[in-house]
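S.K.: Okay, so here is work_10.pdb, and as you'll see once you scroll down, it has PDB, C-alpha atoms.
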MODEL        1
ATOM      1  CA  MET A  82      21.919  24.267   8.621  1.00  0.00           C
ATOM      2  CA  GLY A  83      21.756  22.129   5.511  1.00  0.00           C
ATOM      3  CA  MET A  84      23.407  18.718   5.426  1.00  0.00           C
ATOM      4  CA  LYS A  85      26.152  20.088   3.159  1.00  0.00           C
ATOM      5  CA  ASP A  86      27.298  22.204   6.130  1.00  0.00           C
ATOM      6  CA  TRP A  87      27.630  19.279   8.540  1.00  0.00           C
ATOM      7  CA  PRO A  88      31.128  18.292   9.719  1.00  0.00           C
ATOM      8  CA  ARG A  89      32.680  15.602   7.575  1.00  0.00           C
ATOM      9  CA  GLY A  90      31.312  12.147   8.356  1.00  0.00           C
ATOM     10  CA  GLU A  91      28.372  13.349  10.467  1.00  0.00           C
ATOM     11  CA  GLY A  92      25.764  14.102   7.800  1.00  0.00           C
ATOM     12  CA  PRO A  93      23.158  11.430   7.021  1.00  0.00           C
ATOM     13  CA  ARG A  94      23.821  11.674   3.278  1.00  0.00           C
ATOM     14  CA  GLU A  95      27.570  11.200   3.708  1.00  0.00           C
ATOM     15  CA  LYS A  96      26.943   8.357   6.148  1.00  0.00           C
ATOM     16  CA  LEU A  97      24.678   6.711   3.571  1.00  0.00           C
ATOM     17  CA  LEU A  98      27.269   7.023   0.813  1.00  0.00           C
ATOM     18  CA  GLU A  99      30.096   5.687   2.944  1.00  0.00           C
ATOM     19  CA  ARG A 100      28.327   2.934   4.888  1.00  0.00           C
ATOM     20  CA  GLY A 101      25.058   2.197   3.076  1.00  0.00           C
ATOM     21  CA  ALA A 102      21.437   3.151   3.647  1.00  0.00           C
ATOM     22  CA  SER A 103      20.754   0.240   6.002  1.00  0.00           C
ATOM     23  CA  VAL A 104      22.812   1.807   8.808  1.00  0.00           C
ATOM     24  CA  LEU A 105      20.714   4.985   8.892  1.00  0.00           C
ATOM     25  CA  SER A 106      17.899   5.481  11.368  1.00  0.00           C
ATOM     26  CA  ASP A 107      14.389   6.364  10.197  1.00  0.00           C
ATOM     27  CA  ALA A 108      15.051  10.008  11.046  1.00  0.00           C
ATOM     28  CA  GLU A 109      18.336  10.024   9.123  1.00  0.00           C
ATOM     29  CA  LEU A 110      16.721   8.515   6.025  1.00  0.00           C
ATOM     30  CA  LEU A 111      13.940  11.069   6.219  1.00  0.00           C
ATOM     31  CA  ALA A 112      16.495  13.865   6.603  1.00  0.00           C
ATOM     32  CA  VAL A 113      18.152  12.768   3.342  1.00  0.00           C
ATOM     33  CA  LEU A 114      14.804  13.208   1.579  1.00  0.00           C
ATOM     34  CA  LEU A 115      14.041  16.545   3.242  1.00  0.00           C
ATOM     35  CA  ARG A 116      17.540  17.908   2.458  1.00  0.00           C
ATOM     36  CA  ASN A 117      17.064  21.142   4.427  1.00  0.00           C
ATOM     37  CA  GLY A 118      15.686  22.052   7.814  1.00  0.00           C
ATOM     38  CA  LEU A 119      14.504  25.335   9.258  1.00  0.00           C
ATOM     39  CA  GLN A 120      16.362  28.321  10.592  1.00  0.00           C
ATOM     40  CA  GLY A 121      18.105  27.080  13.708  1.00  0.00           C
ATOM     41  CA  ARG A 122      17.058  23.446  13.102  1.00  0.00           C
ATOM     42  CA  SER A 123      18.800  20.891  10.908  1.00  0.00           C
ATOM     43  CA  ALA A 124      17.049  18.536   8.505  1.00  0.00           C
ATOM     44  CA  LEU A 125      17.674  15.767  11.031  1.00  0.00           C
ATOM     45  CA  ASP A 126      16.011  17.757  13.819  1.00  0.00           C
ATOM     46  CA  LEU A 127      13.018  18.376  11.554  1.00  0.00           C
ATOM     47  CA  ALA A 128      12.859  14.701  10.592  1.00  0.00           C
ATOM     48  CA  ARG A 129      12.883  13.597  14.218  1.00  0.00           C
ATOM     49  CA  GLN A 130      10.091  16.008  15.072  1.00  0.00           C
ATOM     50  CA  LEU A 131       7.968  14.853  12.129  1.00  0.00           C
ATOM     51  CA  ILE A 132       8.328  11.209  13.157  1.00  0.00           C
ATOM     52  CA  ILE A 133       7.183  12.127  16.675  1.00  0.00           C
ATOM     53  CA  ASP A 134       4.295  14.299  15.454  1.00  0.00           C
ATOM     54  CA  PHE A 135       2.966  11.674  13.007  1.00  0.00           C
ATOM     55  CA  GLY A 136       3.676   8.645  15.175  1.00  0.00           C
ATOM     56  CA  GLY A 137       6.174   7.151  12.724  1.00  0.00           C
ATOM     57  CA  LEU A 138       6.998   7.025   9.045  1.00  0.00           C
ATOM     58  CA  ARG A 139       3.705   5.352   8.100  1.00  0.00           C
ATOM     59  CA  GLY A 140       1.725   8.163   9.662  1.00  0.00           C
ATOM     60  CA  LEU A 141       3.745  10.767   7.812  1.00  0.00           C
ATOM     61  CA  MET A 142       3.611   9.028   4.433  1.00  0.00           C
ATOM     62  CA  SER A 143      -0.145   8.445   4.650  1.00  0.00           C
ATOM     63  CA  ALA A 144      -1.000  11.968   5.846  1.00  0.00           C
ATOM     64  CA  SER A 145      -2.954  14.225   3.525  1.00  0.00           C
ATOM     65  CA  LYS A 146      -1.290  16.890   1.398  1.00  0.00           C
ATOM     66  CA  ALA A 147      -3.116  19.624   3.305  1.00  0.00           C
ATOM     67  CA  HIS A 148      -1.924  18.271   6.652  1.00  0.00           C
ATOM     68  CA  VAL A 149       1.703  17.956   5.577  1.00  0.00           C
ATOM     69  CA  CYS A 150       1.962  21.228   3.684  1.00  0.00           C
ATOM     70  CA  ARG A 151       0.731  23.393   6.524  1.00  0.00           C
ATOM     71  CA  LEU A 152       3.621  22.343   8.774  1.00  0.00           C
ATOM     72  CA  PRO A 153       6.705  24.580   9.117  1.00  0.00           C
ATOM     73  CA  GLY A 154       9.550  23.394   6.909  1.00  0.00           C
ATOM     74  CA  LEU A 155       7.321  21.437   4.565  1.00  0.00           C
ATOM     75  CA  GLY A 156       5.357  22.321   1.450  1.00  0.00           C
ATOM     76  CA  PRO A 157       4.210  20.932  -1.912  1.00  0.00           C
ATOM     77  CA  VAL A 158       7.754  20.141  -3.092  1.00  0.00           C
ATOM     78  CA  LYS A 159       8.727  18.170   0.007  1.00  0.00           C
ATOM     79  CA  TYR A 160       5.305  16.489   0.062  1.00  0.00           C
ATOM     80  CA  ALA A 161       5.868  15.386  -3.552  1.00  0.00           C
ATOM     81  CA  GLN A 162       9.324  14.042  -2.658  1.00  0.00           C
ATOM     82  CA  LEU A 163       7.919  11.999   0.222  1.00  0.00           C
ATOM     83  CA  GLN A 164       5.078  10.613  -1.895  1.00  0.00           C
ATOM     84  CA  ALA A 165       7.487   9.704  -4.695  1.00  0.00           C
ATOM     85  CA  ALA A 166       9.642   7.784  -2.205  1.00  0.00           C
ATOM     86  CA  ALA A 167       6.582   5.936  -0.880  1.00  0.00           C
ATOM     87  CA  GLU A 168       5.422   5.037  -4.386  1.00  0.00           C
ATOM     88  CA  LEU A 169       8.881   3.784  -5.365  1.00  0.00           C
ATOM     89  CA  SER A 170       8.787   1.540  -2.297  1.00  0.00           C
ATOM     90  CA  ARG A 171       5.399   0.135  -3.345  1.00  0.00           C
ATOM     91  CA  ARG A 172       6.580  -0.475  -6.901  1.00  0.00           C
ATOM     92  CA  LEU A 173       9.729  -2.192  -5.704  1.00  0.00           C
ATOM     93  CA  ALA A 174       7.605  -4.481  -3.558  1.00  0.00           C
ATOM     94  CA  ALA A 175       5.332  -5.110  -6.546  1.00  0.00           C
ATOM     95  CA  GLU A 176       8.254  -6.588  -8.454  1.00  0.00           C
ATOM     96  CA  SER A 177       8.523  -9.268  -5.754  1.00  0.00           C
ATOM     97  CA  LEU A 178       5.212 -10.695  -6.957  1.00  0.00           C
ATOM     98  CA  LEU A 179       6.276 -11.495 -10.461  1.00  0.00           C
ATOM     99  CA  ARG A 180       3.932 -12.026 -13.347  1.00  0.00           C
ATOM    100  CA  GLY A 181       3.537 -15.756 -13.755  1.00  0.00           C
ATOM    101  CA  GLN A 182       4.102 -16.639 -10.084  1.00  0.00           C
ATOM    102  CA  VAL A 183       1.797 -19.390  -8.876  1.00  0.00           C
ATOM    103  CA  LEU A 184      -0.398 -18.346  -5.940  1.00  0.00           C
ATOM    104  CA  THR A 185      -1.494 -21.373  -3.966  1.00  0.00           C
ATOM    105  CA  THR A 186      -1.872 -20.111  -0.368  1.00  0.00           C
ATOM    106  CA  PRO A 187      -2.899 -16.817   1.286  1.00  0.00           C
ATOM    107  CA  ASP A 188       0.620 -16.379   2.717  1.00  0.00           C
ATOM    108  CA  LEU A 189       2.102 -15.943  -0.760  1.00  0.00           C
ATOM    109  CA  THR A 190       0.215 -12.680  -1.317  1.00  0.00           C
ATOM    110  CA  ARG A 191       0.341 -11.213   2.189  1.00  0.00           C
ATOM    111  CA  HIS A 192       3.651  -9.374   1.959  1.00  0.00           C
ATOM    112  CA  TYR A 193       2.763  -7.896  -1.397  1.00  0.00           C
ATOM    113  CA  LEU A 194      -0.675  -6.667  -0.344  1.00  0.00           C
ATOM    114  CA  LEU A 195       0.670  -5.191   2.878  1.00  0.00           C
ATOM    115  CA  SER A 196       3.227  -3.175   0.938  1.00  0.00           C
ATOM    116  CA  GLN A 197       0.604  -1.982  -1.544  1.00  0.00           C
ATOM    117  CA  LEU A 198      -2.343  -1.152   0.682  1.00  0.00           C
ATOM    118  CA  THR A 199      -1.303  -0.655   4.318  1.00  0.00           C
ATOM    119  CA  ASP A 200      -0.423   3.037   4.241  1.00  0.00           C
ATOM    120  CA  ARG A 201      -3.226   4.373   2.062  1.00  0.00           C
ATOM    121  CA  GLY A 202      -5.281   7.125   3.660  1.00  0.00           C
ATOM    122  CA  TYR A 203      -8.312   5.998   1.672  1.00  0.00           C
ATOM    123  CA  GLU A 204      -9.907   2.680   0.807  1.00  0.00           C
ATOM    124  CA  VAL A 205      -8.770   0.807  -2.285  1.00  0.00           C
ATOM    125  CA  PHE A 206     -10.589  -2.176  -3.767  1.00  0.00           C
ATOM    126  CA  ALA A 207      -8.426  -4.310  -6.053  1.00  0.00           C
ATOM    127  CA  LEU A 208      -8.199  -7.651  -7.823  1.00  0.00           C
ATOM    128  CA  LEU A 209      -5.445 -10.194  -8.283  1.00  0.00           C
ATOM    129  CA  LEU A 210      -6.199 -11.740 -11.678  1.00  0.00           C
ATOM    130  CA  LEU A 211      -4.976 -15.315 -12.140  1.00  0.00           C
ATOM    131  CA  ASP A 212      -4.796 -17.769 -15.010  1.00  0.00           C
ATOM    132  CA  SER A 213      -6.024 -21.373 -14.947  1.00  0.00           C
ATOM    133  CA  GLN A 214      -2.847 -22.470 -13.122  1.00  0.00           C
ATOM    134  CA  HIS A 215      -3.310 -19.703 -10.541  1.00  0.00           C
ATOM    135  CA  ARG A 216      -0.358 -17.771 -11.950  1.00  0.00           C
ATOM    136  CA  LEU A 217      -0.542 -14.024 -11.572  1.00  0.00           C
ATOM    137  CA  ILE A 218      -1.739 -12.091 -14.627  1.00  0.00           C
ATOM    138  CA  GLN A 219      -2.120  -8.628 -13.071  1.00  0.00           C
ATOM    139  CA  PHE A 220      -2.907  -6.657  -9.920  1.00  0.00           C
ATOM    140  CA  VAL A 221      -5.583  -4.060 -10.711  1.00  0.00           C
ATOM    141  CA  GLU A 222      -6.958  -1.274  -8.509  1.00  0.00           C
ATOM    142  CA  LEU A 223     -10.647  -0.872  -9.331  1.00  0.00           C
ATOM    143  CA  PHE A 224     -12.142   1.598  -6.879  1.00  0.00           C
ATOM    144  CA  ARG A 225     -10.905   4.259  -4.468  1.00  0.00           C
ATOM    145  CA  GLY A 226     -12.822   5.952  -1.697  1.00  0.00           C
ATOM    146  CA  THR A 227     -15.375   4.555   0.714  1.00  0.00           C
ATOM    147  CA  ILE A 228     -15.959   0.949  -0.308  1.00  0.00           C
ATOM    148  CA  ASP A 229     -19.496  -0.314   0.204  1.00  0.00           C
ATOM    149  CA  ALA A 230     -21.990  -2.430  -1.679  1.00  0.00           C
ATOM    150  CA  ALA A 231     -23.104   0.554  -3.745  1.00  0.00           C
ATOM    151  CA  SER A 232     -19.614   1.502  -4.939  1.00  0.00           C
ATOM    152  CA  VAL A 233     -18.450  -1.911  -6.175  1.00  0.00           C
ATOM    153  CA  TYR A 234     -19.942  -2.669  -9.565  1.00  0.00           C
ATOM    154  CA  PRO A 235     -20.090  -6.370 -10.500  1.00  0.00           C
ATOM    155  CA  ARG A 236     -20.418  -5.489 -14.219  1.00  0.00           C
ATOM    156  CA  GLU A 237     -17.055  -3.715 -14.173  1.00  0.00           C
ATOM    157  CA  VAL A 238     -15.422  -6.630 -12.373  1.00  0.00           C
ATOM    158  CA  VAL A 239     -16.854  -9.139 -14.857  1.00  0.00           C
ATOM    159  CA  ALA A 240     -15.814  -6.970 -17.822  1.00  0.00           C
ATOM    160  CA  LEU A 241     -12.243  -6.704 -16.525  1.00  0.00           C
ATOM    161  CA  VAL A 242     -11.982 -10.438 -15.881  1.00  0.00           C
ATOM    162  CA  LEU A 243     -13.177 -11.170 -19.411  1.00  0.00           C
ATOM    163  CA  GLU A 244     -10.824  -8.582 -20.907  1.00  0.00           C
ATOM    164  CA  LYS A 245      -7.774 -10.031 -19.123  1.00  0.00           C
ATOM    165  CA  LYS A 246      -8.906 -13.625 -19.755  1.00  0.00           C
ATOM    166  CA  ALA A 247      -8.566 -14.436 -16.062  1.00  0.00           C
ATOM    167  CA  ALA A 248      -9.592 -17.879 -14.865  1.00  0.00           C
ATOM    168  CA  ALA A 249      -9.749 -17.008 -11.147  1.00  0.00           C
ATOM    169  CA  VAL A 250      -9.545 -13.920  -8.936  1.00  0.00           C
ATOM    170  CA  ILE A 251      -8.559 -12.867  -5.439  1.00  0.00           C
ATOM    171  CA  LEU A 252     -10.431  -9.845  -4.088  1.00  0.00           C
ATOM    172  CA  CYS A 253      -8.590  -7.443  -1.795  1.00  0.00           C
ATOM    173  CA  HIS A 254      -9.135  -4.104  -0.116  1.00  0.00           C
ATOM    174  CA  ASN A 255      -7.763  -2.103   2.794  1.00  0.00           C
ATOM    175  CA  HIS A 256      -9.209  -0.580   5.955  1.00  0.00           C
ATOM    176  CA  PRO A 257      -7.489   2.801   6.568  1.00  0.00           C
ATOM    177  CA  SER A 258      -8.580   2.579  10.213  1.00  0.00           C
ATOM    178  CA  GLY A 259      -5.989  -0.165  10.624  1.00  0.00           C
ATOM    179  CA  VAL A 260      -8.543  -2.732  11.803  1.00  0.00           C
ATOM    180  CA  ALA A 261      -8.548  -5.634   9.361  1.00  0.00           C
ATOM    181  CA  GLU A 262     -11.665  -7.363  10.718  1.00  0.00           C
ATOM    182  CA  PRO A 263     -14.147  -7.666   7.809  1.00  0.00           C
ATOM    183  CA  SER A 264     -17.490  -5.937   8.100  1.00  0.00           C
ATOM    184  CA  GLN A 265     -20.880  -7.311   7.111  1.00  0.00           C
ATOM    185  CA  ALA A 266     -20.678  -5.017   4.071  1.00  0.00           C
ATOM    186  CA  ASP A 267     -17.396  -6.718   3.086  1.00  0.00           C
ATOM    187  CA  ARG A 268     -19.088 -10.092   3.254  1.00  0.00           C
ATOM    188  CA  ARG A 269     -22.044  -8.863   1.187  1.00  0.00           C
ATOM    189  CA  ILE A 270     -19.714  -7.461  -1.481  1.00  0.00           C
ATOM    190  CA  THR A 271     -17.907 -10.788  -1.627  1.00  0.00           C
ATOM    191  CA  GLU A 272     -21.142 -12.694  -2.161  1.00  0.00           C
ATOM    192  CA  ARG A 273     -22.275 -10.292  -4.901  1.00  0.00           C
ATOM    193  CA  LEU A 274     -19.006 -10.642  -6.774  1.00  0.00           C
ATOM    194  CA  LYS A 275     -18.885 -14.402  -6.300  1.00  0.00           C
ATOM    195  CA  ASN A 276     -22.364 -14.703  -7.798  1.00  0.00           C
ATOM    196  CA  ALA A 277     -21.561 -12.347 -10.675  1.00  0.00           C
ATOM    197  CA  LEU A 278     -18.331 -14.145 -11.565  1.00  0.00           C
ATOM    198  CA  ALA A 279     -20.014 -17.541 -11.258  1.00  0.00           C
ATOM    199  CA  THR A 280     -22.060 -16.619 -14.338  1.00  0.00           C
ATOM    200  CA  ILE A 281     -18.818 -16.728 -16.380  1.00  0.00           C
ATOM    201  CA  ASP A 282     -17.368 -19.715 -14.449  1.00  0.00           C
ATOM    202  CA  VAL A 283     -14.616 -17.711 -12.736  1.00  0.00           C
ATOM    203  CA  PRO A 284     -14.147 -18.593  -9.039  1.00  0.00           C
ATOM    204  CA  VAL A 285     -13.266 -16.137  -6.272  1.00  0.00           C
ATOM    205  CA  LEU A 286     -10.430 -17.857  -4.408  1.00  0.00           C
ATOM    206  CA  ASP A 287     -10.214 -15.398  -1.531  1.00  0.00           C
ATOM    207  CA  HIS A 288     -11.008 -11.918  -0.264  1.00  0.00           C
ATOM    208  CA  MET A 289      -8.155 -10.404   1.748  1.00  0.00           C
ATOM    209  CA  VAL A 290      -8.761  -7.389   3.982  1.00  0.00           C
ATOM    210  CA  VAL A 291      -5.633  -5.375   4.794  1.00  0.00           C
ATOM    211  CA  GLY A 292      -5.324  -3.493   8.074  1.00  0.00           C
ATOM    212  CA  ASP A 293      -2.372  -2.137  10.032  1.00  0.00           C
ATOM    213  CA  ARG A 294       0.274  -4.745   9.250  1.00  0.00           C
ATOM    214  CA  GLU A 295      -2.234  -7.584   9.312  1.00  0.00           C
ATOM    215  CA  ILE A 296      -4.507  -9.279   6.813  1.00  0.00           C
ATOM    216  CA  VAL A 297      -7.694 -11.243   7.307  1.00  0.00           C
ATOM    217  CA  SER A 298      -8.282 -13.952   4.715  1.00  0.00           C
ATOM    218  CA  PHE A 299     -11.845 -15.011   3.949  1.00  0.00           C
ATOM    219  CA  ALA A 300     -10.519 -18.369   2.751  1.00  0.00           C
ATOM    220  CA  GLU A 301      -8.771 -19.011   6.059  1.00  0.00           C
ATOM    221  CA  ARG A 302     -11.974 -18.088   7.899  1.00  0.00           C
ATOM    222  CA  GLY A 303     -13.881 -20.647   5.818  1.00  0.00           C
ATOM    223  CA  TRP A 304     -16.024 -17.928   4.214  1.00  0.00           C
ATOM    224  CA  ILE A 305     -15.071 -18.790   0.613  1.00  0.00           C
ATOM    225  CA  SER A 306     -16.527 -22.032  -0.636  1.00  0.00           C
TER
ENDMDL
END
Will you turn the file into structure tokens for me?

M.R.:
Amino acid sequence: MGMKDWPRGEGPREKLLERGASVLSDAELLAVLLRNGLQGRSALDLARQLIIDFGGLRGLMSASKAHVCRLPGLGPVKYAQLQAAAELSRRLAAESLLRGQVLTTPDLTRHYLLSQLTDRGYEVFALLLLDSQHRLIQFVELFRGTIDAASVYPREVVALVLEKKAAAVILCHNHPSGVAEPSQADRRITERLKNALATIDVPVLDHMVVGDREIVSFAERGWIS
């Protein structure tokens, strides 16, 4: 049964249009995206089962294409729809950290970085580029994949900072495992980049490691001097 066949007032889409998206449950919102279910199962039934199977929306949105597409009722089209919804959410959150905003404490960037990096199924290493007043110039993803000392290239970081005329930077990356505690490799990378950027008089203000809804700040730990 598709949602168009639901009795009037009972379908998630109609409920959304009449009362607003905020009143819908996670499963109902997901059903709106899925549109159709399986033979004998509505889109809402399928949505509920997916949330159970993946342990929540985050698990579903961060699952691999191969994992999602092999499930009954899903496929490349529905996977693309889900990924588009997740990316729109990230971009909407990105607009909350406006170009020109002054970043003076770790708390000012936490919400933004959580929305950008929490649900990635792979590691992302990025920079927040700031001007001399610590106003945001740009958020730039530099590397994807397993982040270690060998995969982060100080020359590329220095070249980008010079190109964007940044006066200071905040390093950031995620841990797909969900554990935000920095590793010794994270600390070594930070030191390498601090030393490289010191040659052009650009300070590293912080390195923020994003886990499962938490962030560890090197500055708050006293590891950035």

S.K.: For range 297-302 of chain A, work out the shell of residues within 12 Å, counting all atoms listed in the file and skipping chain neighbours fewer than 2 positions away, then give it as number ranges by chain.

M.R.: A: 185-191, 194-195, 251-256, 259-264, 267-268, 271-272, 285-295, 304-306

S.K.: From the set A:Leu223, A:Ala102, A:Leu198, A:Met142, which residue has the shortest atom-to-atom contact distance to Val239 in chain A, counting all atoms listed in the file?

M.R.: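 When distances to Val239 in chain A are compared using all atoms listed in the file, the smallest one comes from A:Leu223.
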
S.K.: Can you work out which one of A:Ile132, A:Leu141, A:Val205, A:Val238 has the shortest atom-to-atom distance to Asn276 in chain A, counting all atoms listed in the file?

M.R.: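 Looking at the shortest contact to Asn276 in chain A, the residue is A:Val238.
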
S.K.: Apply the PyMOL selection byres ((chain A and resi 167) around 12) to the structure shown and report the selected residues as a PDB file with C-alpha atoms, keeping the file's coordinate frame.

M.R.:
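Generated file (selection27.pdb):
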ATOM      1  CA  LEU A 111      13.940  11.069   6.219  1.00  0.00           C
ATOM      2  CA  LEU A 114      14.804  13.208   1.579  1.00  0.00           C
ATOM      3  CA  LEU A 138       6.998   7.025   9.045  1.00  0.00           C
ATOM      4  CA  ARG A 139       3.705   5.352   8.100  1.00  0.00           C
ATOM      5  CA  GLY A 140       1.725   8.163   9.662  1.00  0.00           C
ATOM      6  CA  LEU A 141       3.745  10.767   7.812  1.00  0.00           C
ATOM      7  CA  MET A 142       3.611   9.028   4.433  1.00  0.00           C
ATOM      8  CA  SER A 143      -0.145   8.445   4.650  1.00  0.00           C
ATOM      9  CA  ALA A 144      -1.000  11.968   5.846  1.00  0.00           C
ATOM     10  CA  TYR A 160       5.305  16.489   0.062  1.00  0.00           C
ATOM     11  CA  ALA A 161       5.868  15.386  -3.552  1.00  0.00           C
ATOM     12  CA  GLN A 162       9.324  14.042  -2.658  1.00  0.00           C
ATOM     13  CA  LEU A 163       7.919  11.999   0.222  1.00  0.00           C
ATOM     14  CA  GLN A 164       5.078  10.613  -1.895  1.00  0.00           C
ATOM     15  CA  ALA A 165       7.487   9.704  -4.695  1.00  0.00           C
ATOM     16  CA  ALA A 166       9.642   7.784  -2.205  1.00  0.00           C
ATOM     17  CA  GLU A 168       5.422   5.037  -4.386  1.00  0.00           C
ATOM     18  CA  LEU A 169       8.881   3.784  -5.365  1.00  0.00           C
ATOM     19  CA  SER A 170       8.787   1.540  -2.297  1.00  0.00           C
ATOM     20  CA  ARG A 171       5.399   0.135  -3.345  1.00  0.00           C
ATOM     21  CA  ARG A 172       6.580  -0.475  -6.901  1.00  0.00           C
ATOM     22  CA  LEU A 173       9.729  -2.192  -5.704  1.00  0.00           C
ATOM     23  CA  ALA A 174       7.605  -4.481  -3.558  1.00  0.00           C
ATOM     24  CA  SER A 196       3.227  -3.175   0.938  1.00  0.00           C
ATOM     25  CA  GLN A 197       0.604  -1.982  -1.544  1.00  0.00           C
ATOM     26  CA  LEU A 198      -2.343  -1.152   0.682  1.00  0.00           C
ATOM     27  CA  THR A 199      -1.303  -0.655   4.318  1.00  0.00           C
ATOM     28  CA  ASP A 200      -0.423   3.037   4.241  1.00  0.00           C
ATOM     29  CA  ARG A 201      -3.226   4.373   2.062  1.00  0.00           C
TER      30      ARG A 201
END

S.K.: Pick from A:Leu211, A:Val233, A:Val221, A:Ala240: nearest to Arg269 in chain A, with all atoms listed in the file counted?

M.R.: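 The answer is A:Val233, which sits nearest to Arg269 in chain A.
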
S.K.: Quick one: distance from CA of Glu204 in chain A to CA of Gln265 in chain A in Å, one decimal?

M.R.: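 Computing it gives 16.1 Å between the two atoms.
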
S.K.: Specify as a short mmCIF file (atom, residue, chain, number, x, y, z; two decimals) with C-alpha atoms, keeping the file's coordinate frame each residue included when the PyMOL selection byres ((chain A and resi 113) around 12) is applied to this file.

M.R.:
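This is the output file part_6.cif:
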data_model
loop_
_atom_site.label_atom_id
_atom_site.label_comp_id
_atom_site.auth_asym_id
_atom_site.auth_seq_id
_atom_site.Cartn_x
_atom_site.Cartn_y
_atom_site.Cartn_z
CA GLY A 83 21.76 22.13 5.51
CA MET A 84 23.41 18.72 5.43
CA LYS A 85 26.15 20.09 3.16
CA GLY A 92 25.76 14.10 7.80
CA PRO A 93 23.16 11.43 7.02
CA ARG A 94 23.82 11.67 3.28
CA GLU A 95 27.57 11.20 3.71
CA LYS A 96 26.94 8.36 6.15
CA LEU A 97 24.68 6.71 3.57
CA LEU A 98 27.27 7.02 0.81
CA ALA A 102 21.44 3.15 3.65
CA LEU A 105 20.71 4.99 8.89
CA SER A 106 17.90 5.48 11.37
CA ASP A 107 14.39 6.36 10.20
CA ALA A 108 15.05 10.01 11.05
CA GLU A 109 18.34 10.02 9.12
CA LEU A 110 16.72 8.52 6.02
CA LEU A 111 13.94 11.07 6.22
CA ALA A 112 16.50 13.86 6.60
CA LEU A 114 14.80 13.21 1.58
CA LEU A 115 14.04 16.55 3.24
CA ARG A 116 17.54 17.91 2.46
CA ASN A 117 17.06 21.14 4.43
CA GLY A 118 15.69 22.05 7.81
CA SER A 123 18.80 20.89 10.91
CA ALA A 124 17.05 18.54 8.51
CA LEU A 125 17.67 15.77 11.03
CA ASP A 126 16.01 17.76 13.82
CA LEU A 127 13.02 18.38 11.55
CA ALA A 128 12.86 14.70 10.59
CA LYS A 159 8.73 18.17 0.01
CA GLN A 162 9.32 14.04 -2.66
CA LEU A 163 7.92 12.00 0.22
CA ALA A 166 9.64 7.78 -2.20
#
